[in-house]
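Participant: The structure that follows is given in the form of structure tokens.
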Amino acid sequence: MSTPAPSPKWKSRLLTAVGAAALAILVTLSGVTAPLDAWVYDRLVLGAAPAADPRIVVVDIDQKSLAELGRWPWSRRTHAQLVDRLRVAEAKGIAFNILLSEPALFDPEGDALLARAIGRSGRVVLPVLAESVQLNGPSVELMPIPEFAASAASLGHAEMVLDDDGVARSIYLRAGLGSPHWPALALALLQLDQPPGTATELPGRRRVKTELPAASPFDWVRDHEVLVPFTPPPQCVPPRVLYRCAEPAHSHVVAARQLGGRGRQRHGHGAAGTRTGATAYGEHERR
């Protein structure tokens with residue numbers, strides 16, 4: 001007994017469904033909907049983002065710190081003083097988001113002082129970044145100089161992926177040249193208390209297929225993409241300790257006060273972590 005052929009009506013519906021699916025895939029892959037997706041995501045997370053963990057303090061390099069402590073880059077001696085103050089304040093971990101990939105040209109003793117301060121703390125995580133050696137050429141990993149890397153408790157990648165509108169809505173928990181072997185800087189800080197060799201299942205969208213051949217050693221490979229829940233300040237902003245006035249009681253404390261002797265209080269009686277970095281425009285150190 002033969003099966004009756006589909007009616008023209010069903011054929012038309014099937015073709016319409018296939019065409020609509022193909023059009024949706026094409027539009028998605030083209031990125032045309034990206035601005036709308038970002039707008040919808042921003043609205044959805046406005047009231048859903050968790051409050052910032054009060055145990056996390058941001059030590060901020062702002063314009064006022066630059067005015068008080070001098071133009072950038074600062075001496076590594078200044079950073080060493082900060083690390084020592086945070087150690088005395090019993091910070092459980094310090095994510096130092098300043099790239100220290102080259103030795104100081106005129107102050108090798110400053111490098112030695114910072115390396116010893118990092119070693120005394122035993123809780124400092126330093127950043128790794130990828131950079132192209134030439135336009136459209138292969139990339140290299142910018143690492144802390146050996147004496148800093150040897151003194152650090154861990155290293156982590158500090159890549160910030162921006163959408164077309166300049167907003168960071170996601171982060172890759174692992175990334176690296178050739179393979180995603182570096183944890184994100186914040187993840188490396190979180191993992192300081194884990195025993196060596198402990199395997200932790202990470203969340204996020206997988207970008208690496210284990211059954212595929214290894215990537216080129218010159219390609220920056222990312223994995224475990226997670227979206228960042230955020231809300232406008234002040235709801236989502238951790239306490240900020242500006243480099244010029246680090247007092248944990250403040251919601252935003254700058255670096256210069258920390259270095260001026262007014263930051264002796266303990267960070268929340270055992271802060272979960274401290275992140276040091278810059279918000280002053282154009283002040284980023286590669287040295």
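Identifiers in the structure tokens: chain A, B, ... in order shown; residue index from 1 per chain; ligand index from 1 in order shown.
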Do a neighbour search on A:Pro180 at 7 Å with only C-alpha atoms, toss out local chain neighbours closer than 3 positions, and write the hits as a PyMOL selection string.
Facilitator: chain A and resi 174-177+221-223
Participant: Pick out the closest residue to A:Ser154 from this set: A:Phe106, A:Tyr41, A:Phe96, A:Tyr172. Count only C-alpha atoms.
Facilitator: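 Result for the nearest residue to A:Ser154: A:Phe96.
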Participant: What parts of stretch 139-183 of chain A does DSSP call strand (DSSP E or B)? I'd like the answer as number ranges by chain.
Facilitator: A: 139-142, 154-157, 170-177, 182-183
